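Asks: Below you will find the structure I want to go over with you.
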Amino acid sequence: MRMVPIASLSLIALLALAASMLPSPADAEPRQPGEPAKINSVHRPPGGMLAAQTGGNTVGDVIREAEPRADGYRHIDTPATIRSLQRVGVNTYVYLIWNSPADWQDLIEEFAPAAAEAKIDLWLYLVPPSECQDDPKPHLSGRCSRPFEKDYVRWAEEIAKLSVRQPNVLAWALDDFFSQLPPEQVAEMQRVQKSINPNLGFYTTVYYDEAVNPEFYERYEGVIDGIIYPYTGANSNTQDASRIGPNLDLILAQTEQHDLGVVLLAYTGRYLSAIVPPTDRYIHDVIKETQPYLDSGRLHGITLYGLPIAGGTQMSDYNRARTGAGWLSLAPEVFARTQAGDYAQAEQKITVDPDAESYGLEFSDFDTHYDQYGTATTYHTRQVLIDGEVVWESDRPGSGGTWHRRFVDLTEALQGKTSARLTLRLTDKTGLSLWTGVMIDDVTGHGLTIKNGGFETRGDWEVTTNNSAILPGLHHFSDFDPENALQAAADAFQVRPFQPDRRPGAPVLGDAMYGSGRLRLAVEPFTRTAAGTCVSASQRLDVDPDSPRYEIDFFEFSPHATYPGFLGAHQLTVTVDGETVWTRDANSVYPFWENGNGLQGPVDVTEFVQGKKNVTLSFRLCGLQHSDTRPNPPIDIGFDRLRTVGLTGENFDFEEEDGWTFESDAEGLTGSVLTKAARAEAPPVAARAQNRVARAGGEVTIPVAVGNESAEQLTGTITLDLPDGWDGDGTATPLDPVPAGGSASVELPVTVPAGAAEGSYWVVATAKTSAGTVRTAARIQVIGTKIEFTPGTVAEGPWLDQAGGSQLDGEIFDGRGRFADGATSFTYRVDLPADVTGGTLTLHIGNQYKVSVSADGRTWRTVLTEEREIRDLSNLGDRTLDLADLDAKGGTPLFVKVEDSFPTDGWGGWLGRFTLTMITE
């Protein structure tokens, strides 16, 4: 054979020559039935791929240099990253190219060679088109796989070239594939990369429903080498590893038919769709459950997504305790639907003092749901049981992000006993799909002894559930410590047993990201914000004239979930010298710390800073023109961990009060630096006012119920604030004394002005009591003789009682259709005025509908059913029902629920218009 001098070869020829020297999977024997897939055997390490992986919108899973380099970017700290990976014991690192424009450069120039020297293989992880935020204006451009962005054929070529130069680069993958690339494009990617390196693997991230669907594999037959399967338990959680085996069996039954590799992706850092983050025990369990599939060779590997390889300090926000560092969690999963009778609970045997004159229980609870206006008639119910009997329950959520102290009188339940079984339970009575995270802490007794009421240790409580949709747990701040997470992963990879409570940590109480301080911009509840009014926090920053670029980087957070109907009411902006560089709807900020807008991340502000000596940086919260007439819910926006490039100032971590100047031009808009950012605590009293339907010139009474959640008798008064133009003297109505743990109510008369137009009017009741002051709001809906609305419009709002997982679809009339598929539903409620003697209900409805009515929202009667399997709205039309046939009477509520008459095929009831015509006396 004649030898050709390497120096005379072209680059492509050199790459082809190098690739020809690599082992080819074509030389392998065909796989026999029941044998592991061999398509990727050339780059499967002995025992399988054991990997860590940088995630998206996670924290602490990438290590960057503390200071920017000459190009103005903070680059990957390669030595520190390699050391952490070696500590965990991985043989592979899944390298994400997304967070910084320097990621690719860092990979090819530094990280890949260093990983090869450390004997660590590499997979490269890119994002699909939907996760690339690219804009000609630098401050609007965000995260994207750069430099080749959405040119995946070019990526295939360049990664293949790199894999020849760096043989430890074995494969690459696309995140959240969702079939965004057609098979023809993927085939071209494969053709290009295989022509350079036939052994380079290409995988796609495929979630469970697609991973068990034969149609997916038929569509991408021959153009992918395998899939990455993100494991999220049975119901979108990162607590339960028990479904790994059953899920993998079903997935492998599909992939082994097509000779495809499977990598299980385990969320080991923050997972945004789970109420409880992954604990160190979960990390160990998920690796342990995967081990048999690695040992058998059926599974290509496991990758730990978001593993906090940076180690070090733990996020303060992970401590959900009211006091100390432990708490009880009773949390329905985000995308799970619970059924009537489902529950999660914690119980223990308590000792009762026979000489005590009375008995009582106190505890604190917290959740992220908030229902200030009483829009939900059903909610998960919190219960206290003694010896299996319910002695207290509440299905009303507390204000989101706020601890509530409760008192339950147990005198009658414990009289004559020396011991009893105490149960704290969260249950579903109706069938719900709600995002909430209920936590309980500081359980104490009067006349009885409770062990470990602060949940500071693992014992004394028996924690159970009857459905994986609600997962209970005794959690501790140390469960989420990054050092403990790394050790748990290392132990599991080495098949060592789990070691609990390695590092107890130093918990900080509060919701700051790190430390104890954060910036707070807030809208006070039950106020109204005029369009254009703002609150701001500002600081004058010095500009480094030698910096090649300028950047601001921060995290934002809200302690409560979003409020239905308040999108577009308030806007967050960040400005530099008055120019907007970042913006977000204040009602779209979630109850976890997020870097920028998810896809945006750090903000390039070079065009606003270059050439200046100093600039003013401002965080602003402003009111917008909004059609919703409701008073404001409590909006609390936190900012923390501000970092900059080329800009210097003070108190960027908000641990002190100095450095920031606050301005507000509206009474209900406030700003401050919370140096002790403790979670809010509500007074031990609750108030709730009922909505009413009325006619112009008529009178209604507003019932206001006050619950005493303290251990002392409560006294006070209630005052009603009326809409502008409505007459009222604001007289305080006395409240009868309310015993500890009891409730009382008053009825406050309201006269609707004769000239009041049809629409929603809000009244606010203020209860000033010996236990504290609370407020509640009620809607007075002024109507005529006809109620008509299209879903998705403002007019629907007063009547939509439960969205129930339904969705809005195509345009119709002046809005959009609302549909309910499968187990979802939606419910309307109309409180019929007392003068209604008859009328009709007309629903413009189609597809596979089932319509039921009720007078109490609990007992239902079906009145309309489509018995044909219609999926194209060919049956869309008016269906009219007589109110008499619905047993709907004046002075009573009418509930109307729409469901799916064939819940297994996904083409449920589709409503285009709701019309209620009333006949009056």
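Order determines the names: the first chain of the structure tokens is A, the second B, and so forth; residues in each chain are numbered 1 upward, and ligands are numbered 1 upward as they are shown.
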Need to verify the contact set: Ser100 (chain A), 9 Å, only C-alpha atoms, exclusion of same-chain residues closer than 4 positions in sequence. Can you return it as a ChimeraX atom specification?
Replies: /A:73-75,104,142-146,602
Asks: Would you mind exporting all heavy atoms of the selected residues as a PDB file, in the first residue's frame?
Replies:
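Result written to part.pdb:
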```pdb
ATOM      1  N   TYR A  73     -17.026  37.795  28.499  1.00  0.00           N
ATOM      2  CA  TYR A  73     -17.883  36.678  28.914  1.00  0.00           C
ATOM      3  C   TYR A  73     -17.222  35.897  30.046  1.00  0.00           C
ATOM      4  O   TYR A  73     -15.988  35.795  30.107  1.00  0.00           O
ATOM      5  CB  TYR A  73     -18.154  35.731  27.745  1.00  0.00           C
ATOM      6  CG  TYR A  73     -19.050  36.310  26.680  1.00  0.00           C
ATOM      7  CD1 TYR A  73     -18.514  36.848  25.503  1.00  0.00           C
ATOM      8  CD2 TYR A  73     -20.439  36.334  26.845  1.00  0.00           C
ATOM      9  CE1 TYR A  73     -19.342  37.381  24.518  1.00  0.00           C
ATOM     10  CE2 TYR A  73     -21.264  36.868  25.868  1.00  0.00           C
ATOM     11  CZ  TYR A  73     -20.712  37.395  24.716  1.00  0.00           C
ATOM     12  OH  TYR A  73     -21.534  37.931  23.759  1.00  0.00           O
ATOM     13  N   ARG A  74     -18.055  35.339  30.924  1.00  0.00           N
ATOM     14  CA  ARG A  74     -17.576  34.412  31.934  1.00  0.00           C
ATOM     15  C   ARG A  74     -17.555  33.016  31.310  1.00  0.00           C
ATOM     16  O   ARG A  74     -18.602  32.458  30.983  1.00  0.00           O
ATOM     17  CB  ARG A  74     -18.475  34.446  33.174  1.00  0.00           C
ATOM     18  CG  ARG A  74     -18.395  35.753  33.957  1.00  0.00           C
ATOM     19  CD  ARG A  74     -19.243  35.688  35.227  1.00  0.00           C
ATOM     20  NE  ARG A  74     -19.090  36.875  36.047  1.00  0.00           N
ATOM     21  CZ  ARG A  74     -19.842  37.974  35.954  1.00  0.00           C
ATOM     22  NH1 ARG A  74     -20.815  38.005  35.047  1.00  0.00           N
ATOM     23  NH2 ARG A  74     -19.630  39.010  36.727  1.00  0.00           N
ATOM     24  N   HIS A  75     -16.394  32.451  31.174  1.00  0.00           N
ATOM     25  CA  HIS A  75     -16.225  31.175  30.479  1.00  0.00           C
ATOM     26  C   HIS A  75     -16.349  30.007  31.448  1.00  0.00           C
ATOM     27  O   HIS A  75     -16.279  30.168  32.668  1.00  0.00           O
ATOM     28  CB  HIS A  75     -14.866  31.137  29.782  1.00  0.00           C
ATOM     29  CG  HIS A  75     -14.785  32.023  28.581  1.00  0.00           C
ATOM     30  ND1 HIS A  75     -14.661  31.534  27.292  1.00  0.00           N
ATOM     31  CD2 HIS A  75     -14.832  33.380  28.455  1.00  0.00           C
ATOM     32  CE1 HIS A  75     -14.627  32.540  26.441  1.00  0.00           C
ATOM     33  NE2 HIS A  75     -14.726  33.683  27.125  1.00  0.00           N
ATOM     34  N   TRP A 104     -19.384  26.963  22.803  1.00  0.00           N
ATOM     35  CA  TRP A 104     -18.740  26.167  21.763  1.00  0.00           C
ATOM     36  C   TRP A 104     -17.232  26.391  21.754  1.00  0.00           C
ATOM     37  O   TRP A 104     -16.443  25.445  21.659  1.00  0.00           O
ATOM     38  CB  TRP A 104     -19.352  26.515  20.407  1.00  0.00           C
ATOM     39  CG  TRP A 104     -18.731  25.852  19.205  1.00  0.00           C
ATOM     40  CD1 TRP A 104     -17.980  26.453  18.239  1.00  0.00           C
ATOM     41  CD2 TRP A 104     -18.797  24.460  18.845  1.00  0.00           C
ATOM     42  NE1 TRP A 104     -17.583  25.541  17.292  1.00  0.00           N
ATOM     43  CE2 TRP A 104     -18.084  24.303  17.633  1.00  0.00           C
ATOM     44  CE3 TRP A 104     -19.404  23.348  19.405  1.00  0.00           C
ATOM     45  CZ2 TRP A 104     -17.949  23.080  16.996  1.00  0.00           C
ATOM     46  CZ3 TRP A 104     -19.271  22.120  18.762  1.00  0.00           C
ATOM     47  CH2 TRP A 104     -18.543  21.992  17.583  1.00  0.00           C
ATOM     48  N   GLY A 142     -31.400  36.096  23.444  1.00  0.00           N
ATOM     49  CA  GLY A 142     -31.202  35.315  24.658  1.00  0.00           C
ATOM     50  C   GLY A 142     -30.393  34.070  24.420  1.00  0.00           C
ATOM     51  O   GLY A 142     -29.460  34.037  23.614  1.00  0.00           O
ATOM     52  N   ARG A 143     -30.791  33.015  25.093  1.00  0.00           N
ATOM     53  CA  ARG A 143     -30.063  31.753  24.993  1.00  0.00           C
ATOM     54  C   ARG A 143     -30.358  31.069  23.659  1.00  0.00           C
ATOM     55  O   ARG A 143     -31.475  31.086  23.166  1.00  0.00           O
ATOM     56  CB  ARG A 143     -30.444  30.835  26.145  1.00  0.00           C
ATOM     57  CG  ARG A 143     -30.041  31.356  27.521  1.00  0.00           C
ATOM     58  CD  ARG A 143     -30.382  30.340  28.586  1.00  0.00           C
ATOM     59  NE  ARG A 143     -29.863  30.710  29.889  1.00  0.00           N
ATOM     60  CZ  ARG A 143     -30.586  31.228  30.879  1.00  0.00           C
ATOM     61  NH1 ARG A 143     -31.869  31.433  30.710  1.00  0.00           N
ATOM     62  NH2 ARG A 143     -30.028  31.535  32.034  1.00  0.00           N
ATOM     63  N   CYS A 144     -29.338  30.426  23.118  1.00  0.00           N
ATOM     64  CA  CYS A 144     -29.477  29.692  21.866  1.00  0.00           C
ATOM     65  C   CYS A 144     -28.216  28.859  21.693  1.00  0.00           C
ATOM     66  O   CYS A 144     -27.163  29.193  22.248  1.00  0.00           O
ATOM     67  CB  CYS A 144     -29.651  30.658  20.691  1.00  0.00           C
ATOM     68  SG  CYS A 144     -30.019  29.844  19.116  1.00  0.00           S
ATOM     69  N   SER A 145     -28.307  27.763  20.958  1.00  0.00           N
ATOM     70  CA  SER A 145     -27.106  26.979  20.657  1.00  0.00           C
ATOM     71  C   SER A 145     -26.328  27.717  19.575  1.00  0.00           C
ATOM     72  O   SER A 145     -26.734  27.737  18.407  1.00  0.00           O
ATOM     73  CB  SER A 145     -27.504  25.570  20.198  1.00  0.00           C
ATOM     74  OG  SER A 145     -28.149  24.867  21.233  1.00  0.00           O
ATOM     75  N   ARG A 146     -25.220  28.319  19.984  1.00  0.00           N
ATOM     76  CA  ARG A 146     -24.427  29.129  19.060  1.00  0.00           C
ATOM     77  C   ARG A 146     -23.042  28.497  18.886  1.00  0.00           C
ATOM     78  O   ARG A 146     -22.578  27.773  19.760  1.00  0.00           O
ATOM     79  CB  ARG A 146     -24.298  30.563  19.604  1.00  0.00           C
ATOM     80  CG  ARG A 146     -25.625  31.313  19.611  1.00  0.00           C
ATOM     81  CD  ARG A 146     -25.437  32.779  20.024  1.00  0.00           C
ATOM     82  NE  ARG A 146     -26.685  33.529  19.834  1.00  0.00           N
ATOM     83  CZ  ARG A 146     -27.625  33.646  20.770  1.00  0.00           C
ATOM     84  NH1 ARG A 146     -27.453  33.101  21.956  1.00  0.00           N
ATOM     85  NH2 ARG A 146     -28.733  34.329  20.515  1.00  0.00           N
ATOM     86  N   PRO A 602     -28.892  36.247  30.892  1.00  0.00           N
ATOM     87  CA  PRO A 602     -28.204  37.537  30.996  1.00  0.00           C
ATOM     88  C   PRO A 602     -28.600  38.478  29.861  1.00  0.00           C
ATOM     89  O   PRO A 602     -28.900  38.038  28.743  1.00  0.00           O
ATOM     90  CB  PRO A 602     -26.717  37.148  30.908  1.00  0.00           C
ATOM     91  CG  PRO A 602     -26.674  35.721  31.333  1.00  0.00           C
ATOM     92  CD  PRO A 602     -27.962  35.110  30.854  1.00  0.00           C
TER      93      PRO A 602
END
```
Asks: Which residues are near Ala696 (chain A)? Cut-off 9 Å, only C-alpha atoms, ignore same chain within fewer than 2 positions. Put them as a PyMOL selection string.
Replies: chain A and resi 694+698-699+751-758+782-784
Asks: Please list as an MDAnalysis selection string every residue within 10 Å of Gln415 (chain A), counting only C-alpha atoms and excluding residues in the same chain fewer than 6 positions away.
Replies: chainID A and resid 352:354 356:359
Asks: So that I have them on file, write out the residues from the current selection with all heavy atoms, as a CSV table (one decimal), in the first residue's frame.
Replies:
```csv
chain,number,residue,atom,x,y,z
A,352,VAL,N,-52.5,11.9,75.8
A,352,VAL,CA,-53.5,12.9,76.3
A,352,VAL,C,-53.4,13.0,77.8
A,352,VAL,O,-53.4,12.0,78.5
A,352,VAL,CB,-55.0,12.5,75.8
A,352,VAL,CG1,-56.0,13.5,76.3
A,352,VAL,CG2,-55.0,12.3,74.3
A,353,ASP,N,-53.4,14.2,78.3
A,353,ASP,CA,-53.4,14.5,79.7
A,353,ASP,C,-54.8,14.4,80.3
A,353,ASP,O,-55.6,15.2,80.0
A,353,ASP,CB,-52.8,15.9,80.0
A,353,ASP,CG,-52.7,16.2,81.5
A,353,ASP,OD1,-53.1,15.3,82.3
A,353,ASP,OD2,-52.3,17.3,81.8
A,354,PRO,N,-55.1,13.3,81.1
A,354,PRO,CA,-56.5,13.2,81.6
A,354,PRO,C,-56.9,14.2,82.5
A,354,PRO,O,-58.1,14.4,82.8
A,354,PRO,CB,-56.4,11.8,82.2
A,354,PRO,CG,-55.0,11.6,82.6
A,354,PRO,CD,-54.2,12.3,81.6
A,356,ALA,N,-56.4,17.5,82.1
A,356,ALA,CA,-56.5,18.8,81.4
A,356,ALA,C,-58.0,19.1,81.3
A,356,ALA,O,-58.9,18.2,81.1
A,356,ALA,CB,-55.9,18.8,80.0
A,357,GLU,N,-58.4,20.4,81.4
A,357,GLU,CA,-59.8,20.8,81.3
A,357,GLU,C,-60.2,20.9,79.9
A,357,GLU,O,-61.4,20.8,79.6
A,357,GLU,CB,-60.0,22.2,82.0
A,357,GLU,CG,-59.7,22.1,83.5
A,357,GLU,CD,-60.0,23.5,84.2
A,357,GLU,OE1,-60.3,24.4,83.4
A,357,GLU,OE2,-59.9,23.6,85.4
A,358,SER,N,-59.3,21.2,78.9
A,358,SER,CA,-59.7,21.3,77.5
A,358,SER,C,-58.5,20.8,76.7
A,358,SER,O,-57.3,20.7,77.2
A,358,SER,CB,-60.0,22.7,77.2
A,358,SER,OG,-58.9,23.6,77.4
A,359,TYR,N,-58.7,20.6,75.4
A,359,TYR,CA,-57.7,20.1,74.5
A,359,TYR,C,-57.8,20.9,73.2
A,359,TYR,O,-58.9,21.2,72.7
A,359,TYR,CB,-57.9,18.6,74.2
A,359,TYR,CG,-57.9,17.8,75.5
A,359,TYR,CD1,-59.1,17.3,76.0
A,359,TYR,CD2,-56.7,17.4,76.1
A,359,TYR,CE1,-59.2,16.6,77.2
A,359,TYR,CE2,-56.8,16.7,77.3
A,359,TYR,CZ,-58.0,16.2,77.8
A,359,TYR,OH,-58.0,15.5,79.0
```
Asks: Write out as a PyMOL selection string the residues lying within 12 Å of Glu579 (chain A), counting only C-alpha atoms and excluding same-chain residues fewer than 4 positions away.
Replies: chain A and resi 139+573-575+583+605+607-609+615-620
Asks: Just the residues within 9 Å of region 721-730 of chain A, please, counting only C-alpha atoms, with nothing from its chain fewer than 5 positions along; format it as a ChimeraX atom specification.
Replies: /A:750-753,761-766
Asks: What's the 6 Å shell around region 290-301 of chain A, counting only C-alpha atoms, without same-chain residues fewer than 2 positions away, as a list in words?
Replies: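 That gives Pro36, Gly47, Gly48, Met49, Leu50, Gly261, Val262, Val263, Ile287 and Lys288 of chain A.
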Asks: Which is closest to Asn319 (chain A) among A:Leu122, A:Val276, A:Leu96, A:Ile845, if we use only C-alpha atoms?
Replies: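 The answer is A:Val276, which sits nearest to Asn319 (chain A).
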Asks: If I take CA of Gln257 (chain A) and CA of Tyr305 (chain A), how far is one from the other in Å, to one decimal?
Replies: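 Taking CA of Gln257 (chain A) and CA of Tyr305 (chain A), their separation equals 27.1 Å.
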Asks: Kindly give the distance, in Å, that separates CA of Arg528 (chain A) and CA of Ile702 (chain A), rounded to a single decimal.
Replies: 21.2 Å
Asks: Measuring atom to atom with only C-alpha atoms, identify which of A:Pro397, A:Gly741, A:Gly668, A:Gly578 is nearest to Gly623 (chain A).
Replies: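 Among A:Pro397, A:Gly741, A:Gly668, A:Gly578, it is A:Gly668 that comes nearest to Gly623 (chain A).
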Asks: Please return, as number ranges by chain, all residues of region 279-398 of chain A that DSSP assigns to strand (DSSP E or B) on the basis of the backbone.
Replies: A: 301-305, 326-332, 338, 343-352, 360-366, 381-386, 389-394
Asks: Which distance in Å separates CA of Phe554 (chain A) and CA of Val581 (chain A), to one decimal?
Replies: 12.6 Å
Asks: Nearest to Ser806 (chain A) among A:Lys676, A:Lys897, A:Arg270, A:His844, with distances taken over only C-alpha atoms: which residue is it?
Replies: A:Lys897
Asks: As an MDAnalysis selection string, please: every residue in region 492-670 of chain A that DSSP puts in alpha helix (DSSP H).
Replies: chainID A and resid 492:493 606:609
Asks: Have a look at A:Glu65, A:Asp481, A:Asp544, A:Glu149 and name the one nearest to Ser316 (chain A); count only C-alpha atoms.
Replies: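 Answer, going by the shortest atom-to-atom distance: A:Asp481.
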